[in-house]
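*Asks:* Data: query21.cif, mmCIF, C-alpha atoms; chains and numbers go by the auth columns.
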data_final
loop_
_atom_site.group_PDB
_atom_site.id
_atom_site.type_symbol
_atom_site.label_atom_id
_atom_site.label_comp_id
_atom_site.label_asym_id
_atom_site.label_seq_id
_atom_site.Cartn_x
_atom_site.Cartn_y
_atom_site.Cartn_z
_atom_site.B_iso_or_equiv
_atom_site.auth_seq_id
_atom_site.auth_asym_id
ATOM 1 C CA MET A 1 114.046 -35.684 -16.673 0.00 1205 F
ATOM 2 C CA ILE A 2 113.329 -38.047 -13.790 0.00 1206 F
ATOM 3 C CA SER A 3 115.527 -38.093 -10.724 0.00 1207 F
ATOM 4 C CA ASN A 4 114.999 -40.747 -8.098 0.00 1208 F
ATOM 5 C CA PRO A 5 117.198 -40.850 -5.031 0.00 1209 F
ATOM 6 C CA SER A 6 115.871 -43.100 -2.294 0.00 1210 F
ATOM 7 C CA ARG A 7 112.959 -40.948 -1.074 0.00 1211 F
ATOM 8 C CA HIS A 8 112.724 -38.228 -3.703 0.00 1212 F
ATOM 9 C CA CYS A 9 111.342 -38.163 -7.235 0.00 1213 F
ATOM 10 C CA THR A 10 111.237 -35.219 -9.650 0.00 1214 F
ATOM 11 C CA VAL A 11 109.563 -35.049 -13.071 0.00 1215 F
ATOM 12 C CA GLU A 12 109.852 -32.065 -15.423 0.00 1216 F
ATOM 13 C CA LEU A 13 107.184 -31.711 -18.107 0.00 1217 F
ATOM 14 C CA GLN A 14 104.875 -29.576 -20.195 0.00 1218 F
ATOM 15 C CA ALA A 15 101.478 -29.617 -18.438 0.00 1219 F
ATOM 16 C CA LEU A 16 99.549 -30.914 -21.425 0.00 1220 F
ATOM 17 C CA PRO A 17 96.661 -33.373 -21.013 0.00 1221 F
ATOM 18 C CA SER A 18 98.663 -36.281 -22.484 0.00 1222 F
ATOM 19 C CA ARG A 19 101.589 -35.599 -20.150 0.00 1223 F
ATOM 20 C CA ILE A 20 99.384 -35.378 -17.061 0.00 1224 F
ATOM 21 C CA GLY A 21 98.393 -39.032 -17.496 0.00 1225 F
ATOM 22 C CA GLN A 22 102.035 -40.020 -17.878 0.00 1226 F
ATOM 23 C CA VAL A 23 103.035 -38.195 -14.705 0.00 1227 F
ATOM 24 C CA ARG A 24 100.168 -39.840 -12.819 0.00 1228 F
ATOM 25 C CA ARG A 25 101.545 -43.247 -13.845 0.00 1229 F
ATOM 26 C CA ILE A 26 105.089 -42.274 -12.814 0.00 1230 F
ATOM 27 C CA VAL A 27 103.956 -41.018 -9.405 0.00 1231 F
ATOM 28 C CA SER A 28 101.781 -44.098 -8.893 0.00 1232 F
ATOM 29 C CA ALA A 29 104.697 -46.410 -9.742 0.00 1233 F
ATOM 30 C CA GLN A 30 106.989 -44.499 -7.378 0.00 1234 F
ATOM 31 C CA LEU A 31 104.500 -44.801 -4.516 0.00 1235 F
ATOM 32 C CA ARG A 32 104.198 -48.528 -5.177 0.00 1236 F
ATOM 33 C CA TYR A 33 107.995 -48.810 -5.137 0.00 1237 F
ATOM 34 C CA TRP A 34 108.012 -47.070 -1.751 0.00 1238 F
ATOM 35 C CA HIS A 35 105.187 -49.386 -0.549 0.00 1239 F
ATOM 36 C CA LEU A 36 102.860 -46.402 -0.071 0.00 1240 F
ATOM 37 C CA GLU A 37 99.961 -47.890 -2.044 0.00 1241 F
ATOM 38 C CA SER A 38 97.404 -46.489 0.400 0.00 1242 F
ATOM 39 C CA LEU A 39 98.332 -42.944 -0.712 0.00 1243 F
ATOM 40 C CA ILE A 40 98.027 -43.483 -4.468 0.00 1244 F
ATOM 41 C CA ASP A 41 94.400 -42.369 -4.959 0.00 1245 F
ATOM 42 C CA ARG A 42 94.745 -39.164 -2.957 0.00 1246 F
ATOM 43 C CA ALA A 43 98.148 -38.348 -4.459 0.00 1247 F
ATOM 44 C CA MET A 44 96.773 -38.902 -7.987 0.00 1248 F
ATOM 45 C CA LEU A 45 93.819 -36.607 -7.327 0.00 1249 F
ATOM 46 C CA GLY A 46 96.112 -33.875 -5.995 0.00 1250 F
ATOM 47 C CA VAL A 47 98.679 -34.196 -8.801 0.00 1251 F
ATOM 48 C CA THR A 48 95.927 -34.143 -11.423 0.00 1252 F
ATOM 49 C CA GLU A 49 94.342 -31.011 -9.972 0.00 1253 F
ATOM 50 C CA LEU A 50 97.632 -29.132 -9.619 0.00 1254 F
ATOM 51 C CA LEU A 51 98.785 -30.044 -13.140 0.00 1255 F
ATOM 52 C CA SER A 52 95.370 -29.148 -14.548 0.00 1256 F
ATOM 53 C CA ASN A 53 95.722 -25.724 -12.943 0.00 1257 F
ATOM 54 C CA VAL A 54 99.119 -25.261 -14.598 0.00 1258 F
ATOM 55 C CA HIS A 55 97.617 -26.313 -17.947 0.00 1259 F
ATOM 56 C CA ARG A 56 94.661 -23.955 -17.557 0.00 1260 F
ATOM 57 C CA HIS A 57 96.217 -20.909 -15.863 0.00 1261 F
ATOM 58 C CA ALA A 58 100.039 -20.772 -16.027 0.00 1262 F
ATOM 59 C CA GLN A 59 101.702 -18.182 -18.230 0.00 1263 F
ATOM 60 C CA PRO A 60 104.033 -17.653 -20.098 0.00 1264 F
ATOM 61 C CA ASP A 61 104.466 -21.385 -20.647 0.00 1265 F
ATOM 62 C CA LYS A 62 103.216 -24.736 -19.338 0.00 1266 F
ATOM 63 C CA THR A 63 106.603 -26.026 -18.207 0.00 1267 F
ATOM 64 C CA CYS A 64 106.505 -27.328 -14.648 0.00 1268 F
ATOM 65 C CA THR A 65 108.176 -29.704 -12.222 0.00 1269 F
ATOM 66 C CA VAL A 66 106.390 -32.285 -10.105 0.00 1270 F
ATOM 67 C CA GLU A 67 108.287 -33.316 -7.011 0.00 1271 F
ATOM 68 C CA ILE A 68 107.371 -36.006 -4.502 0.00 1272 F
ATOM 69 C CA GLU A 69 109.361 -36.520 -1.358 0.00 1273 F
ATOM 70 C CA TRP A 70 108.815 -39.100 1.357 0.00 1274 F
ATOM 71 C CA LEU A 71 109.645 -37.371 4.619 0.00 1275 F
ATOM 72 C CA LEU A 72 109.611 -39.109 8.003 0.00 1276 F
ATOM 73 C CA ASP A 73 105.856 -39.234 8.518 0.00 1277 F
ATOM 74 C CA ARG A 74 104.391 -37.625 5.413 0.00 1278 F
ATOM 75 C CA LEU A 75 104.527 -37.480 1.667 0.00 1279 F
ATOM 76 C CA MET A 76 105.143 -33.997 0.235 0.00 1280 F
ATOM 77 C CA VAL A 77 103.880 -33.416 -3.319 0.00 1281 F
ATOM 78 C CA SER A 78 104.615 -30.134 -5.078 0.00 1282 F
ATOM 79 C CA VAL A 79 104.229 -28.591 -8.513 0.00 1283 F
ATOM 80 C CA ARG A 80 106.508 -25.718 -9.520 0.00 1284 F
ATOM 81 C CA ASP A 81 105.676 -23.550 -12.537 0.00 1285 F
ATOM 82 C CA HIS A 82 106.906 -20.284 -14.103 0.00 1286 F
ATOM 83 C CA ASP A 83 103.842 -18.155 -13.368 0.00 1287 F
ATOM 84 C CA PRO A 84 104.323 -15.958 -10.273 0.00 1288 F
ATOM 85 C CA ARG A 85 100.570 -15.512 -9.691 0.00 1289 F
ATOM 86 C CA LEU A 86 99.485 -17.454 -6.614 0.00 1290 F
ATOM 87 C CA PRO A 87 96.239 -19.428 -6.871 0.00 1291 F
ATOM 88 C CA VAL A 88 93.060 -17.823 -5.618 0.00 1292 F
ATOM 89 C CA VAL A 89 90.706 -20.143 -3.796 0.00 1293 F
ATOM 90 C CA GLY A 90 87.098 -19.102 -4.112 0.00 1294 F
ATOM 91 C CA GLU A 91 84.233 -20.035 -1.852 0.00 1295 F
ATOM 92 C CA ILE A 92 82.744 -23.367 -2.848 0.00 1296 F
ATOM 93 C CA GLU A 93 79.237 -21.869 -2.429 0.00 1297 F
ATOM 94 C CA ASP A 94 80.028 -19.307 -5.156 0.00 1298 F
ATOM 95 C CA ILE A 95 80.683 -21.991 -7.796 0.00 1299 F
ATOM 96 C CA ALA A 96 77.770 -22.780 -10.078 0.00 1300 F
ATOM 97 C CA PRO A 97 76.466 -26.340 -9.520 0.00 1301 F
ATOM 98 C CA LEU A 98 77.258 -27.392 -13.111 0.00 1302 F
ATOM 99 C CA ALA A 99 80.583 -25.536 -13.414 0.00 1303 F
ATOM 100 C CA THR A 100 83.435 -27.666 -14.786 0.00 1304 F
ATOM 101 C CA CYS A 101 86.185 -25.836 -12.913 0.00 1305 F
ATOM 102 C CA GLY A 102 86.816 -24.057 -9.642 0.00 1306 F
ATOM 103 C CA ARG A 103 86.743 -26.980 -7.212 0.00 1307 F
ATOM 104 C CA GLY A 104 90.270 -28.354 -7.683 0.00 1308 F
ATOM 105 C CA LEU A 105 92.065 -26.720 -4.768 0.00 1309 F
ATOM 106 C CA ALA A 106 89.088 -27.387 -2.499 0.00 1310 F
ATOM 107 C CA MET A 107 89.432 -31.086 -3.388 0.00 1311 F
ATOM 108 C CA VAL A 108 93.178 -30.957 -2.739 0.00 1312 F
ATOM 109 C CA ALA A 109 92.464 -29.377 0.650 0.00 1313 F
ATOM 110 C CA ALA A 110 89.860 -32.049 1.420 0.00 1314 F
ATOM 111 C CA VAL A 111 92.096 -35.055 0.701 0.00 1315 F
ATOM 112 C CA SER A 112 95.383 -33.705 2.068 0.00 1316 F
ATOM 113 C CA GLU A 113 96.771 -33.158 5.534 0.00 1317 F
ATOM 114 C CA THR A 114 98.001 -29.656 4.635 0.00 1318 F
ATOM 115 C CA TRP A 115 98.455 -27.670 1.448 0.00 1319 F
ATOM 116 C CA GLY A 116 99.674 -24.264 0.368 0.00 1320 F
ATOM 117 C CA ALA A 117 101.354 -22.090 -2.242 0.00 1321 F
ATOM 118 C CA ARG A 118 104.466 -19.954 -2.076 0.00 1322 F
ATOM 119 C CA PRO A 119 106.378 -17.717 -4.483 0.00 1323 F
ATOM 120 C CA ASP A 120 109.432 -19.301 -6.087 0.00 1324 F
ATOM 121 C CA GLY A 121 111.838 -16.491 -6.874 0.00 1325 F
ATOM 122 C CA ASP A 122 110.675 -13.639 -9.089 0.00 1326 F
ATOM 123 C CA SER A 123 109.115 -15.725 -11.810 0.00 1327 F
ATOM 124 C CA GLY A 124 107.307 -18.724 -10.434 0.00 1328 F
ATOM 125 C CA LYS A 125 105.471 -20.440 -7.627 0.00 1329 F
ATOM 126 C CA VAL A 126 105.189 -23.782 -5.875 0.00 1330 F
ATOM 127 C CA VAL A 127 101.820 -25.277 -4.962 0.00 1331 F
ATOM 128 C CA TRP A 128 102.126 -28.226 -2.578 0.00 1332 F
ATOM 129 C CA PHE A 129 100.209 -30.648 -0.387 0.00 1333 F
ATOM 130 C CA THR A 130 101.102 -33.307 2.166 0.00 1334 F
ATOM 131 C CA LEU A 131 99.621 -36.693 2.943 0.00 1335 F
ATOM 132 C CA PRO A 132 100.304 -38.571 6.182 0.00 1336 F
ATOM 133 C CA THR A 133 102.179 -41.814 5.570 0.00 1337 F
ATOM 134 C CA PRO A 134 101.026 -45.035 7.205 0.00 1338 F
ATOM 135 C CA ALA A 135 102.895 -46.029 10.337 0.00 1339 F
ATOM 136 C CA ALA A 136 105.922 -48.159 9.533 0.00 1340 F
ATOM 137 C CA PRO A 137 105.602 -51.780 10.651 0.00 1341 F
ATOM 138 C CA ARG A 138 107.509 -52.642 13.788 0.00 1342 F
ATOM 139 C CA ALA A 139 110.943 -54.067 13.065 0.00 1343 F
ATOM 140 C CA SER A 140 110.214 -57.278 14.954 0.00 1344 F
ATOM 141 C CA ALA A 141 107.142 -57.970 12.812 0.00 1345 F
ATOM 142 C CA ALA A 142 109.146 -57.612 9.597 0.00 1346 F
ATOM 143 C CA ARG A 143 111.968 -59.876 10.737 0.00 1347 F
ATOM 144 C CA PRO A 144 111.831 -63.472 9.438 0.00 1348 F
ATOM 145 C CA PRO A 145 111.547 -66.230 12.028 0.00 1349 F
ATOM 146 C CA ARG A 146 114.838 -67.424 13.508 0.00 1350 F
ATOM 147 C CA ARG A 147 115.939 -70.808 12.184 0.00 1351 F
ATOM 148 C CA VAL A 148 118.199 -73.310 13.872 0.00 1352 F
ATOM 149 C CA ALA A 149 120.646 -74.932 11.465 0.00 1353 F
ATOM 150 C CA GLY A 150 119.708 -78.527 10.710 0.00 1354 F
ATOM 151 C CA PHE A 151 116.212 -78.318 12.184 0.00 1355 F
ATOM 152 C CA ALA A 152 112.889 -77.586 10.572 0.00 1356 F
ATOM 153 C CA GLU A 153 110.871 -74.612 11.810 0.00 1357 F
ATOM 154 C CA VAL A 154 108.488 -75.581 14.588 0.00 1358 F
ATOM 155 C CA GLY A 155 105.774 -73.654 16.405 0.00 1359 F
ATOM 156 C CA LEU A 156 104.299 -73.842 19.859 0.00 1360 F
ATOM 157 C CA ALA A 157 102.119 -76.745 20.955 0.00 1361 F
ATOM 158 C CA ALA A 158 98.469 -76.058 21.815 0.00 1362 F
ATOM 159 C CA ASP A 159 99.372 -75.850 25.514 0.00 1363 F
ATOM 160 C CA GLY A 160 101.970 -73.125 24.816 0.00 1364 F
ATOM 161 C CA ARG A 161 105.053 -75.340 25.225 0.00 1365 F
ATOM 162 C CA ARG A 162 107.671 -75.558 22.500 0.00 1366 F
ATOM 163 C CA PRO A 163 107.879 -79.136 21.184 0.00 1367 F
ATOM 164 C CA GLU A 164 111.198 -80.837 20.583 0.00 1368 F
ATOM 165 C CA PRO A 165 112.897 -79.767 17.314 0.00 1369 F
ATOM 166 C CA VAL A 166 112.473 -82.120 14.383 0.00 1370 F
ATOM 167 C CA PRO A 167 115.515 -82.667 12.134 0.00 1371 F
ATOM 168 C CA ALA A 168 115.026 -81.203 8.662 0.00 1372 F
ATOM 169 C CA ARG A 169 114.791 -83.791 5.895 0.00 1373 F
ATOM 170 C CA SER A 170 116.457 -83.426 2.552 0.00 1374 F
ATOM 171 C CA ALA A 171 116.547 -85.288 -0.761 0.00 1375 F
ATOM 172 C CA ALA A 172 119.856 -86.825 0.395 0.00 1376 F
ATOM 173 C CA ASP A 173 117.897 -88.661 3.142 0.00 1377 F
ATOM 174 C CA GLY A 174 115.699 -90.247 0.469 0.00 1378 F
ATOM 175 C CA HIS A 175 112.785 -87.895 1.120 0.00 1379 F
ATOM 176 C CA ARG A 176 111.410 -85.493 -1.457 0.00 1380 F
ATOM 177 C CA PRO A 177 110.586 -82.071 -0.074 0.00 1381 F
ATOM 178 C CA GLU A 178 106.945 -81.108 -0.440 0.00 1382 F
ATOM 179 C CA HIS A 179 106.304 -77.974 -2.464 0.00 1383 F
ATOM 180 C CA ALA A 180 103.505 -75.523 -1.889 0.00 1384 F
ATOM 181 C CA PRO A 181 101.180 -75.033 -4.858 0.00 1385 F
ATOM 182 C CA ALA A 182 102.189 -72.140 -7.116 0.00 1386 F
ATOM 183 C CA ARG A 183 100.240 -68.914 -6.727 0.00 1387 F
ATOM 184 C CA SER A 184 100.128 -65.976 -9.037 0.00 1388 F
ATOM 185 C CA ALA A 185 100.697 -62.475 -7.711 0.00 1389 F
ATOM 186 C CA VAL A 186 98.502 -61.167 -10.534 0.00 1390 F
ATOM 187 C CA ALA A 187 94.771 -61.066 -9.873 0.00 1391 F
ATOM 188 C CA GLY A 188 92.611 -62.969 -12.315 0.00 1392 F
#
Take the structure from the file and write it as structure tokens.
*Replies:*
Amino acid sequence: MISNPSRHCTVELQALPSRIGQVRRIVSAQLRYWHLESLIDRAMLGVTELLSNVHRHAQPDKTCTVEIEWLLDRLMVSVRDHDPRLPVVGEIEDIAPLATCGRGLAMVAAVSETWGARPDGDSGKVVWFTLPTPAAPRASAARPPRRVAGFAEVGLAADGRRPEPVPARSAADGHRPEHAPARSAVAG
């Protein structure tokens, strides 16, 4: 199930390797929709590590819920599972150099603003992390330029004075409007 109110997204799944990739794509698409592209890499790393922990350690089953929520100044990412055992974070120095596991929560801690784990009732837990969101652009910068009806948009002259408005021309005046060359939004 996927729920998606304006700043909240929830995905329920079995934490199997094939599903982890699907959830990464869903979370990535949601962050793009929210225009939080700068958080995608760190969010994907955190989601992957938390879901991998559910796959590797959670008992009695691998059912879990991934939740992302865009709060005022941060993104909260959490994974809820049905195993009440809280994660144990070992010392990074105690992990063998060629070990293939044991660094996940240390990586989550390194890329996130804050992280933690808490019990969820009698039979589960929530492991979460936050990422700071980029500052929202100022409203005046996002506003389109003001247009005067019947006049083409004009800028300031080199000396800082505003030149006289020039009437907009249309096809009805016998002039063809000039079109900008087409550009693709897709790289390549």
*Asks:* Rounded to one decimal in Å, what is the spacing between CA of Ser1256 (chain F) and CA of Arg1307 (chain F)?
*Replies:* 11.5 Å
*Asks:* For region 1319-1328 of chain F, work out the shell of residues within 12 Å, counting only C-alpha atoms and skipping chain neighbours fewer than 2 positions away, then give it as a PDB file with C-alpha atoms, in the coordinates of the input.
*Replies:*
ATOM      1  CA  GLY F1250      96.112 -33.875  -5.995  1.00  0.00           C
ATOM      2  CA  LEU F1254      97.632 -29.132  -9.619  1.00  0.00           C
ATOM      3  CA  VAL F1258      99.119 -25.261 -14.598  1.00  0.00           C
ATOM      4  CA  ALA F1262     100.039 -20.772 -16.027  1.00  0.00           C
ATOM      5  CA  GLN F1263     101.702 -18.182 -18.230  1.00  0.00           C
ATOM      6  CA  PRO F1264     104.033 -17.653 -20.098  1.00  0.00           C
ATOM      7  CA  ASP F1265     104.466 -21.385 -20.647  1.00  0.00           C
ATOM      8  CA  LYS F1266     103.216 -24.736 -19.338  1.00  0.00           C
ATOM      9  CA  THR F1267     106.603 -26.026 -18.207  1.00  0.00           C
ATOM     10  CA  CYS F1268     106.505 -27.328 -14.648  1.00  0.00           C
ATOM     11  CA  THR F1269     108.176 -29.704 -12.222  1.00  0.00           C
ATOM     12  CA  LEU F1279     104.527 -37.480   1.667  1.00  0.00           C
ATOM     13  CA  MET F1280     105.143 -33.997   0.235  1.00  0.00           C
ATOM     14  CA  VAL F1281     103.880 -33.416  -3.319  1.00  0.00           C
ATOM     15  CA  SER F1282     104.615 -30.134  -5.078  1.00  0.00           C
ATOM     16  CA  VAL F1283     104.229 -28.591  -8.513  1.00  0.00           C
ATOM     17  CA  ARG F1284     106.508 -25.718  -9.520  1.00  0.00           C
ATOM     18  CA  ASP F1285     105.676 -23.550 -12.537  1.00  0.00           C
ATOM     19  CA  HIS F1286     106.906 -20.284 -14.103  1.00  0.00           C
ATOM     20  CA  ASP F1287     103.842 -18.155 -13.368  1.00  0.00           C
ATOM     21  CA  PRO F1288     104.323 -15.958 -10.273  1.00  0.00           C
ATOM     22  CA  ARG F1289     100.570 -15.512  -9.691  1.00  0.00           C
ATOM     23  CA  LEU F1290      99.485 -17.454  -6.614  1.00  0.00           C
ATOM     24  CA  PRO F1291      96.239 -19.428  -6.871  1.00  0.00           C
ATOM     25  CA  VAL F1292      93.060 -17.823  -5.618  1.00  0.00           C
ATOM     26  CA  VAL F1293      90.706 -20.143  -3.796  1.00  0.00           C
ATOM     27  CA  LEU F1309      92.065 -26.720  -4.768  1.00  0.00           C
ATOM     28  CA  ALA F1310      89.088 -27.387  -2.499  1.00  0.00           C
ATOM     29  CA  MET F1311      89.432 -31.086  -3.388  1.00  0.00           C
ATOM     30  CA  VAL F1312      93.178 -30.957  -2.739  1.00  0.00           C
ATOM     31  CA  ALA F1313      92.464 -29.377   0.650  1.00  0.00           C
ATOM     32  CA  ALA F1314      89.860 -32.049   1.420  1.00  0.00           C
ATOM     33  CA  VAL F1315      92.096 -35.055   0.701  1.00  0.00           C
ATOM     34  CA  SER F1316      95.383 -33.705   2.068  1.00  0.00           C
ATOM     35  CA  GLU F1317      96.771 -33.158   5.534  1.00  0.00           C
ATOM     36  CA  VAL F1330     105.189 -23.782  -5.875  1.00  0.00           C
ATOM     37  CA  VAL F1331     101.820 -25.277  -4.962  1.00  0.00           C
ATOM     38  CA  TRP F1332     102.126 -28.226  -2.578  1.00  0.00           C
ATOM     39  CA  PHE F1333     100.209 -30.648  -0.387  1.00  0.00           C
ATOM     40  CA  THR F1334     101.102 -33.307   2.166  1.00  0.00           C
ATOM     41  CA  LEU F1335      99.621 -36.693   2.943  1.00  0.00           C
TER      42      LEU F1335
END
*Asks:* At what distance in Å, to one decimal, does CA of Ala1247 (chain F) lie from CA of Val1231 (chain F)?
*Replies:*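 It comes out at 8.1 Å.
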*Asks:* If the PyMOL selection byres ((chain F and resi 1226) around 12) were run on this exact file, what residues would it hold? Put them as a list in words.
*Replies:*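 When the PyMOL selection byres ((chain F and resi 1226) around 12) is applied to the shown file, the picked residues are Val1215, Glu1216, Leu1217, Gln1218, Ala1219, Leu1220, Pro1221, Ser1222, Arg1223, Ile1224, Gly1225, Val1227, Arg1228, Arg1229, Ile1230, Val1231, Ser1232, Ala1233, Met1248, Val1251, Thr1252, Leu1255 and Val1270 of chain F.
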*Asks:* Of the candidates F:Thr1214, F:Thr1318, F:Ser1242, F:Gln1234, which one gets nearest to Glu1271 (chain F) if we count all atoms listed in the file?
*Replies:* F:Thr1214
